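S.K.: The following file, start36.cif, comprises mmCIF, C-alpha atoms:
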```cif
data_input
#
loop_
_atom_site.label_atom_id
_atom_site.label_comp_id
_atom_site.auth_asym_id
_atom_site.auth_seq_id
_atom_site.Cartn_x
_atom_site.Cartn_y
_atom_site.Cartn_z
CA MET A 1 85.49 85.24 122.56
CA VAL A 2 88.95 84.62 123.98
CA ASN A 3 91.92 86.63 122.81
CA GLU A 4 93.05 83.93 120.38
CA ALA A 5 92.60 83.89 116.63
CA GLN A 6 89.43 82.03 115.66
CA LEU A 7 88.71 80.90 112.13
CA VAL A 8 85.55 82.56 110.82
CA PHE A 9 85.53 81.62 107.13
CA TYR A 10 87.57 79.49 104.73
CA ALA A 11 87.03 78.86 101.02
CA GLY A 12 90.46 77.83 99.77
CA SER A 13 91.50 81.32 98.72
CA THR A 14 95.16 81.65 97.83
CA LEU A 15 95.17 85.36 98.70
CA LEU A 16 92.35 86.67 100.89
CA GLU A 17 92.56 90.43 101.39
CA GLY A 18 90.91 93.72 102.25
CA PRO A 19 88.36 93.08 105.04
CA ARG A 20 85.85 95.92 105.51
CA TRP A 21 83.06 96.12 108.10
CA SER A 22 79.52 97.49 107.57
CA ASN A 23 77.52 98.64 110.60
CA GLU A 24 74.41 98.82 108.42
CA LEU A 25 74.62 95.18 107.37
CA ASN A 26 76.36 93.90 110.51
CA ALA A 27 78.67 92.01 108.17
CA LEU A 28 82.00 92.34 106.46
CA LEU A 29 83.40 91.81 103.00
CA CYS A 30 86.79 90.62 101.83
CA VAL A 31 88.27 89.82 98.44
CA SER A 32 89.83 86.67 97.06
CA ILE A 33 92.21 88.33 94.62
CA GLU A 34 93.32 85.40 92.48
CA GLN A 35 89.99 83.56 92.58
CA GLU A 36 88.27 86.79 91.42
CA ARG A 37 85.66 86.79 94.17
CA ILE A 38 84.13 89.11 96.76
CA PHE A 39 82.74 87.47 99.90
CA LEU A 40 80.07 89.10 102.06
CA ILE A 41 80.16 87.40 105.47
CA ASP A 42 78.23 87.81 108.71
CA GLU A 43 80.12 88.18 111.99
CA GLU A 44 79.99 84.48 112.84
CA GLY A 45 80.67 83.21 109.33
CA GLN A 46 77.27 81.48 109.17
CA PHE A 47 75.96 83.44 106.19
CA VAL A 48 78.09 84.04 103.11
CA ARG A 49 77.34 85.55 99.69
CA THR A 50 79.82 85.30 96.84
CA PHE A 51 80.17 87.69 93.91
CA LYS A 52 82.29 87.09 90.79
CA THR A 53 84.44 90.02 89.69
CA HIS A 54 85.84 91.16 86.34
CA GLY A 55 89.32 89.68 86.72
CA GLN A 56 91.60 89.86 89.73
CA VAL A 57 90.07 92.10 92.39
CA GLY A 58 92.38 94.35 94.39
CA PHE A 59 89.94 95.71 96.96
CA ALA A 60 86.28 96.32 97.71
CA VAL A 61 84.50 98.84 99.95
CA PHE A 62 80.89 99.32 100.98
CA LYS A 63 78.84 102.15 99.52
CA GLY A 64 76.09 102.44 102.11
CA GLY A 65 74.22 99.24 102.84
CA GLU A 66 73.17 98.45 99.28
CA LYS A 67 76.26 98.77 97.06
CA ILE A 68 79.90 97.68 96.90
CA ILE A 69 82.60 99.55 95.01
CA TYR A 70 85.40 97.27 93.84
CA ALA A 71 88.57 97.49 91.77
CA ALA A 72 89.01 94.74 89.18
CA TYR A 73 91.77 94.27 86.67
CA ASP A 74 89.94 96.27 84.01
CA GLY A 75 88.53 99.06 86.16
CA ILE A 76 86.35 100.25 89.01
CA TYR A 77 82.84 98.80 89.34
CA GLU A 78 79.73 99.39 91.41
CA LEU A 79 78.00 96.20 92.57
CA ASP A 80 74.38 96.01 93.69
CA ILE A 81 74.27 93.64 96.66
CA ALA A 82 70.63 92.62 96.24
CA SER A 83 70.76 91.75 92.55
CA GLY A 84 74.43 90.81 92.25
CA LYS A 85 74.70 92.94 89.11
CA ASP A 86 77.59 95.33 88.62
CA GLU A 87 78.21 98.39 86.50
CA PHE A 88 81.52 99.74 85.16
CA LEU A 89 82.39 103.17 86.54
CA PHE A 90 85.84 104.15 85.31
CA GLN A 91 89.45 103.06 84.79
CA ALA A 92 92.36 104.92 86.39
CA ASN A 93 95.21 102.53 85.54
CA SER A 94 95.97 102.02 81.84
CA ASP A 95 99.11 99.87 82.29
CA LYS A 96 98.12 96.23 81.68
CA THR A 97 101.27 95.00 83.44
CA LEU A 98 99.91 96.42 86.72
CA ARG A 99 96.76 95.69 88.73
CA TYR A 100 94.93 97.37 91.58
CA ASN A 101 95.89 96.41 95.10
CA ASP A 102 94.68 97.99 98.34
CA GLY A 103 92.23 100.88 98.36
CA ASP A 104 89.77 102.84 100.48
CA TYR A 105 87.83 106.09 100.81
CA ASP A 106 89.39 109.35 101.93
CA PRO A 107 87.53 111.53 104.46
CA ALA A 108 85.87 113.49 101.64
CA GLY A 109 84.52 110.38 99.93
CA ARG A 110 87.09 110.12 97.14
CA ILE A 111 88.30 106.62 96.29
CA LEU A 112 92.01 105.90 96.77
CA MET A 113 93.46 103.06 94.69
CA GLY A 114 96.95 101.59 94.93
CA THR A 115 98.61 99.41 92.29
CA THR A 116 101.12 96.58 92.16
CA GLY A 117 102.67 94.44 89.45
CA TYR A 118 100.35 92.03 87.65
CA LYS A 119 102.05 88.60 87.79
CA ARG A 120 105.43 90.34 88.21
CA PHE A 121 107.32 92.54 90.66
CA ALA A 122 107.32 96.12 89.41
CA PRO A 123 109.59 98.19 91.68
CA GLY A 124 109.09 101.92 91.40
CA GLU A 125 106.40 101.58 88.71
CA ASN A 126 103.31 101.84 90.89
CA CYS A 127 101.37 104.59 92.62
CA LEU A 128 98.38 105.57 94.74
CA TYR A 129 95.56 107.07 92.66
CA SER A 130 92.79 109.34 93.84
CA ALA A 131 89.47 109.87 92.03
CA ASN A 132 85.98 111.12 92.61
CA MET A 133 83.27 108.48 92.60
CA ASP A 134 82.08 109.56 89.15
CA GLY A 135 85.56 108.96 87.73
CA SER A 136 86.49 112.63 87.53
CA GLY A 137 89.59 114.15 89.07
CA ILE A 138 91.80 111.09 88.60
CA LYS A 139 95.36 111.81 89.74
CA LYS A 140 98.40 110.17 91.28
CA ILE A 141 98.96 111.39 94.83
CA ILE A 142 101.87 109.08 95.76
CA GLU A 143 104.21 107.94 92.96
CA LYS A 144 107.07 105.51 92.35
CA THR A 145 105.86 102.86 94.78
CA SER A 146 106.63 99.16 94.42
CA ILE A 147 103.67 97.46 96.14
CA SER A 148 101.07 100.03 97.20
CA ASN A 149 99.30 98.62 100.22
CA GLY A 150 97.71 99.69 103.53
CA ILE A 151 95.74 102.94 103.79
CA ALA A 152 94.41 104.59 106.95
CA PHE A 153 93.56 108.09 108.18
CA SER A 154 94.00 109.83 111.51
CA PRO A 155 90.70 110.64 113.30
CA ASP A 156 91.09 114.36 112.55
CA SER A 157 91.74 113.60 108.83
CA ARG A 158 95.01 115.52 109.02
CA TYR A 159 97.20 112.52 108.19
CA LEU A 160 97.14 109.72 105.67
CA TYR A 161 99.07 106.60 106.68
CA PHE A 162 100.32 104.61 103.73
CA ILE A 163 102.39 101.45 103.20
CA ASP A 164 104.70 100.68 100.31
CA THR A 165 105.44 97.12 101.39
CA PRO A 166 109.10 96.64 100.35
CA THR A 167 110.15 99.68 102.40
CA LYS A 168 109.03 97.85 105.59
CA LYS A 169 107.74 101.23 106.81
CA VAL A 170 104.49 103.09 107.40
CA GLY A 171 104.62 106.61 106.04
CA ARG A 172 102.67 109.53 107.47
CA TYR A 173 101.49 112.06 104.90
CA VAL A 174 100.01 115.48 105.57
CA TYR A 175 96.66 115.26 103.80
CA ASP A 176 94.68 118.12 102.31
CA VAL A 177 91.06 116.98 102.43
CA ARG A 178 89.99 119.92 100.27
CA THR A 179 92.24 119.04 97.31
CA GLY A 180 92.99 115.37 97.98
CA ASP A 181 96.74 116.02 97.76
CA CYS A 182 99.31 114.77 100.26
CA LYS A 183 102.96 115.21 101.16
CA LEU A 184 105.24 112.83 103.06
CA ASP A 185 105.79 114.05 106.61
CA LYS A 186 107.81 111.19 108.07
CA TYR A 187 107.92 107.44 108.60
CA VAL A 188 106.20 106.51 111.87
CA VAL A 189 106.67 102.73 112.00
CA GLU A 190 109.40 100.40 110.75
CA ILE A 191 108.73 96.67 110.82
CA ASP A 192 111.49 94.49 112.22
CA GLY A 193 111.89 90.73 111.84
CA GLU A 194 110.97 88.62 108.84
CA GLY A 195 107.57 90.16 108.16
CA VAL A 196 106.77 93.09 105.90
CA PRO A 197 103.80 95.46 106.30
CA ASP A 198 100.75 94.69 104.19
CA GLY A 199 97.21 95.88 104.96
CA MET A 200 96.33 98.28 107.74
CA CYS A 201 93.45 99.86 109.64
CA ALA A 202 93.03 102.55 112.31
CA ASP A 203 90.89 102.85 115.44
CA CYS A 204 89.00 105.86 116.80
CA ASP A 205 91.90 106.69 119.12
CA GLY A 206 94.28 107.10 116.18
CA ASN A 207 96.22 103.89 116.66
CA ILE A 208 97.06 101.82 113.59
CA TYR A 209 96.98 98.05 113.19
CA VAL A 210 99.49 96.67 110.68
CA ALA A 211 99.25 93.16 109.20
CA GLU A 212 102.64 91.54 108.64
CA TRP A 213 103.06 89.36 105.57
CA GLY A 214 105.51 86.64 106.57
CA GLY A 215 105.28 87.64 110.23
CA TYR A 216 102.42 85.57 111.74
CA ARG A 217 100.96 88.67 113.37
CA VAL A 218 99.17 92.00 113.45
CA ARG A 219 100.68 94.72 115.60
CA LYS A 220 98.98 97.76 117.10
CA TRP A 221 101.05 100.96 116.96
CA ASN A 222 100.84 104.48 118.28
CA PRO A 223 101.90 106.44 115.17
CA SER A 224 102.68 109.55 117.22
CA THR A 225 105.31 107.82 119.34
CA GLY A 226 106.21 104.88 117.07
CA LYS A 227 105.60 102.54 120.02
CA CYS A 228 104.16 99.06 119.56
CA LEU A 229 101.20 98.75 121.93
CA LYS A 230 100.08 95.16 121.37
CA GLU A 231 100.74 92.10 119.26
CA TYR A 232 98.06 89.75 117.91
CA SER A 233 99.39 86.33 116.92
CA ILE A 234 97.86 84.62 113.88
CA PRO A 235 98.46 80.89 113.14
CA VAL A 236 99.26 81.67 109.49
CA LYS A 237 102.53 83.10 108.19
CA ASN A 238 101.16 85.43 105.52
CA VAL A 239 98.86 87.90 107.25
CA SER A 240 97.46 90.19 104.58
CA SER A 241 95.14 92.76 106.18
CA CYS A 242 92.81 93.62 109.05
CA THR A 243 89.80 95.69 110.05
CA ILE A 244 87.87 96.51 113.22
CA GLY A 245 84.22 95.48 113.36
CA GLY A 246 81.61 93.44 115.14
CA LYS A 247 78.40 94.64 116.78
CA ASP A 248 80.38 96.35 119.54
CA ARG A 249 83.34 97.35 117.31
CA LYS A 250 85.66 95.36 119.57
CA THR A 251 86.63 92.60 117.14
CA LEU A 252 89.71 92.51 114.93
CA PHE A 253 89.06 90.64 111.67
CA VAL A 254 92.20 89.40 109.89
CA THR A 255 92.70 88.02 106.38
CA THR A 256 95.48 85.61 105.44
CA ALA A 257 97.07 83.99 102.39
CA MET A 258 98.73 80.76 101.35
CA HIS A 259 102.48 80.60 100.79
CA ASP A 260 103.53 82.07 97.46
CA ASP A 261 106.88 80.26 97.24
CA GLY A 262 105.62 76.72 96.63
CA THR A 263 106.10 75.51 100.22
CA PRO A 264 103.22 73.90 102.12
CA SER A 265 100.87 76.36 103.78
CA GLU A 266 99.47 76.24 107.31
CA PHE A 267 96.02 74.89 108.09
CA ALA A 268 93.39 77.44 107.01
CA ALA A 269 95.90 79.72 105.29
CA GLY A 270 93.79 81.92 103.05
CA GLY A 271 91.06 82.09 105.70
CA LEU A 272 89.43 84.89 107.66
CA PHE A 273 90.14 85.02 111.40
CA LYS A 274 88.84 87.13 114.25
CA MET A 275 90.02 87.97 117.73
CA GLU A 276 89.12 90.24 120.63
CA LEU A 277 90.74 93.66 120.74
#
```
The structure in this file should be written as structure tokens.
M.R.:
Amino acid sequence: MVNEAQLVFYAGSTLLEGPRWSNELNALLCVSIEQERIFLIDEEGQFVRTFKTHGQVGFAVFKGGEKIIYAAYDGIYELDIASGKDEFLFQANSDKTLRYNDGDYDPAGRILMGTTGYKRFAPGENCLYSANMDGSGIKKIIEKTSISNGIAFSPDSRYLYFIDTPTKKVGRYVYDVRTGDCKLDKYVVEIDGEGVPDGMCADCDGNIYVAEWGGYRVRKWNPSTGKCLKEYSIPVKNVSSCTIGGKDRKTLFVTTAMHDDGTPSEFAAGGLFKMEL
């Protein structure tokens, strides 16, 4: 695979998001938020399974090799991959004018769930929730966000990296794995240019990869120094998120979206791309 973005999968999604890799299944999942779908896709895009969700789906994560946990408009669900049946777990967000956005596990296995406005911009009204998998211990750990987005952890679990998109910054939070609480330490990255930070992932060396909505790219950053280490160009303006996967864990998978301002979108906007790290 050359170091150019290659289209892996396309299904006409307006907003493809949240790629996650499974070593057990040798496949990844991503969510089509507005089409209310989860896609399970092999590395080459030759095998795809589609699951319907309960309303707009903000994110999905693997639970072992048999289950998927996902956040729909009306709550958190557990999906059985084999049968395609899902079961309601709990609801953290009671505000119907908001929906779930990005989310992931913390190092202790809690589920972290960000929110954003549902069909509206809701500045300062959102947050990042934390909860145990049984729905207990629900709490807000970061408040007064506008579009809660990318989540990643340092390899030693000391820091949570978090994106509130309109700030154009990546915040570093000191994270207490025991309690699940966090406190802002400092901002480690500020995005320049027309793009804004959206989804994010981290590698085993502690570097973070930030997808830039409106920026045609993903950039790799050293969060300790704030230095940009590499830029990955994507042939779509709205780059929504990214993850590291593949059999050798040397592939960057990138999700994209169509234009949201009524202007014509690029070829394969809303598709899943991959490129060599």
S.K.: Between A:Cys182, A:Gly117, A:Val48, A:Pro107, which residue has the minimum interatomic distance to Ile141 in chain A, considering only C-alpha atoms?
M.R.: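 Residue with the minimum atom-to-atom distance to Ile141 in chain A: A:Cys182.
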S.K.: Could you check how far CA of Ala152 in chain A sits from CA of Gly114 in chain A, in Å to one decimal?
M.R.: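 CA of Ala152 in chain A sits 12.6 Å away from CA of Gly114 in chain A.
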S.K.: Report the residues retrieved by the PyMOL selection byres ((chain A and resi 218-222) around 7) from the displayed file, expressed as a PDB file with C-alpha atoms, in the frame of the given file.
M.R.:
```pdb
ATOM      1  CA  ASN A 207      96.220 103.890 116.660  1.00  0.00           C
ATOM      2  CA  ILE A 208      97.060 101.820 113.590  1.00  0.00           C
ATOM      3  CA  TYR A 209      96.980  98.050 113.190  1.00  0.00           C
ATOM      4  CA  VAL A 210      99.490  96.670 110.680  1.00  0.00           C
ATOM      5  CA  ALA A 211      99.250  93.160 109.200  1.00  0.00           C
ATOM      6  CA  GLU A 212     102.640  91.540 108.640  1.00  0.00           C
ATOM      7  CA  ARG A 217     100.960  88.670 113.370  1.00  0.00           C
ATOM      8  CA  PRO A 223     101.900 106.440 115.170  1.00  0.00           C
ATOM      9  CA  SER A 224     102.680 109.550 117.220  1.00  0.00           C
ATOM     10  CA  THR A 225     105.310 107.820 119.340  1.00  0.00           C
ATOM     11  CA  GLY A 226     106.210 104.880 117.070  1.00  0.00           C
ATOM     12  CA  LYS A 227     105.600 102.540 120.020  1.00  0.00           C
ATOM     13  CA  CYS A 228     104.160  99.060 119.560  1.00  0.00           C
ATOM     14  CA  LEU A 229     101.200  98.750 121.930  1.00  0.00           C
ATOM     15  CA  LYS A 230     100.080  95.160 121.370  1.00  0.00           C
ATOM     16  CA  GLU A 231     100.740  92.100 119.260  1.00  0.00           C
ATOM     17  CA  TYR A 232      98.060  89.750 117.910  1.00  0.00           C
ATOM     18  CA  SER A 233      99.390  86.330 116.920  1.00  0.00           C
TER      19      SER A 233
END
```
S.K.: Counting only C-alpha atoms, what are the residues of range 82-156 of chain A within 9 Å of range 175-180 of chain A, and for each of them which pair of atoms is the nearest and at what distance in Å, to one decimal? Sort the table by chain and rising number, as a Markdown table.
M.R.:
```
| residue | atom | partner | partner_atom | distance |
| --- | --- | --- | --- | --- |
| A:Asp106 | CA | A:Val177 | CA | 7.8 |
| A:Pro107 | CA | A:Val177 | CA | 6.8 |
| A:Ala108 | CA | A:Val177 | CA | 6.3 |
| A:Arg110 | CA | A:Gly180 | CA | 7.9 |
| A:Ser130 | CA | A:Gly180 | CA | 7.3 |
| A:Ala131 | CA | A:Gly180 | CA | 8.8 |
| A:Ile141 | CA | A:Gly180 | CA | 7.8 |
| A:Phe153 | CA | A:Tyr175 | CA | 9.0 |
```
S.K.: Of the candidates A:Leu277, A:Ala268, A:Cys204, A:Ile81, which one gets nearest to Ser13 in chain A if we count all atoms listed in the file?
M.R.: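 Closest residue, counting all atoms listed in the file: A:Ala268.
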S.K.: For the file shown, what are the residues hit by the PyMOL selection byres ((chain A and resi 67-76) around 6), laid out as a tab-separated table (two decimals) with C-alpha atoms, in the frame of the given file?
M.R.:
```tsv
chain	number	residue	atom	x	y	z
A	54	HIS	CA	85.84	91.16	86.34
A	55	GLY	CA	89.32	89.68	86.72
A	56	GLN	CA	91.60	89.86	89.73
A	57	VAL	CA	90.07	92.10	92.39
A	58	GLY	CA	92.38	94.35	94.39
A	59	PHE	CA	89.94	95.71	96.96
A	60	ALA	CA	86.28	96.32	97.71
A	61	VAL	CA	84.50	98.84	99.95
A	62	PHE	CA	80.89	99.32	100.98
A	63	LYS	CA	78.84	102.15	99.52
A	66	GLU	CA	73.17	98.45	99.28
A	77	TYR	CA	82.84	98.80	89.34
A	78	GLU	CA	79.73	99.39	91.41
A	79	LEU	CA	78.00	96.20	92.57
A	80	ASP	CA	74.38	96.01	93.69
A	81	ILE	CA	74.27	93.64	96.66
A	89	LEU	CA	82.39	103.17	86.54
A	90	PHE	CA	85.84	104.15	85.31
A	91	GLN	CA	89.45	103.06	84.79
A	99	ARG	CA	96.76	95.69	88.73
```
S.K.: Would you work out the distance separating CA of Tyr100 in chain A from CA of Tyr159 in chain A, expressed in Å to one decimal?
M.R.: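 We find that CA of Tyr100 in chain A and CA of Tyr159 in chain A lie 22.6 Å from each other.
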S.K.: Would you work out the distance separating CA of Ala27 in chain A from CA of Thr255 in chain A, expressed in Å to one decimal?
M.R.: 14.7 Å
S.K.: Which residues, named as in the file, does the PyMOL selection byres ((chain A and resi 168) around 7) pick out? Answer as a PDB file with C-alpha atoms, in the frame of the given file.
M.R.:
```pdb
ATOM      1  CA  THR A 165     105.440  97.120 101.390  1.00  0.00           C
ATOM      2  CA  PRO A 166     109.100  96.640 100.350  1.00  0.00           C
ATOM      3  CA  THR A 167     110.150  99.680 102.400  1.00  0.00           C
ATOM      4  CA  LYS A 169     107.740 101.230 106.810  1.00  0.00           C
ATOM      5  CA  GLU A 190     109.400 100.400 110.750  1.00  0.00           C
ATOM      6  CA  ILE A 191     108.730  96.670 110.820  1.00  0.00           C
ATOM      7  CA  VAL A 196     106.770  93.090 105.900  1.00  0.00           C
ATOM      8  CA  PRO A 197     103.800  95.460 106.300  1.00  0.00           C
TER       9      PRO A 197
END
```
S.K.: Hey, what's within 12 Å of Leu184 in chain A if we count only C-alpha atoms and toss same-chain stuff fewer than 2 positions away? As a PyMOL selection string, please?
M.R.: chain A and resi 141-143+159-163+170-176+181-182+186-188
S.K.: Between A:Thr251, A:Thr116, A:Thr263, A:Ser241, which residue has the minimum interatomic distance to Pro19 in chain A, considering all atoms listed in the file?
M.R.: A:Ser241
S.K.: Which residues come within 7 Å of range 3-5 of chain A, counting only C-alpha atoms, excluding same-chain residues fewer than 5 positions away, as a PyMOL selection string?
M.R.: chain A and resi 234+273-276
S.K.: Quick one: residues within 8 Å of Tyr118 in chain A, all atoms listed in the file counted, chain neighbours fewer than 5 positions away excluded, as a PyMOL selection string?
M.R.: chain A and resi 96-99
S.K.: Please produce an output containing C-alpha atoms for each residue in the selection, written as a tab-separated table (two decimals), keeping the file's coordinate frame.
M.R.:
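The result, stored in selection.tsv:
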```
chain	number	residue	atom	x	y	z
A	96	LYS	CA	98.12	96.23	81.68
A	97	THR	CA	101.27	95.00	83.44
A	98	LEU	CA	99.91	96.42	86.72
A	99	ARG	CA	96.76	95.69	88.73
```
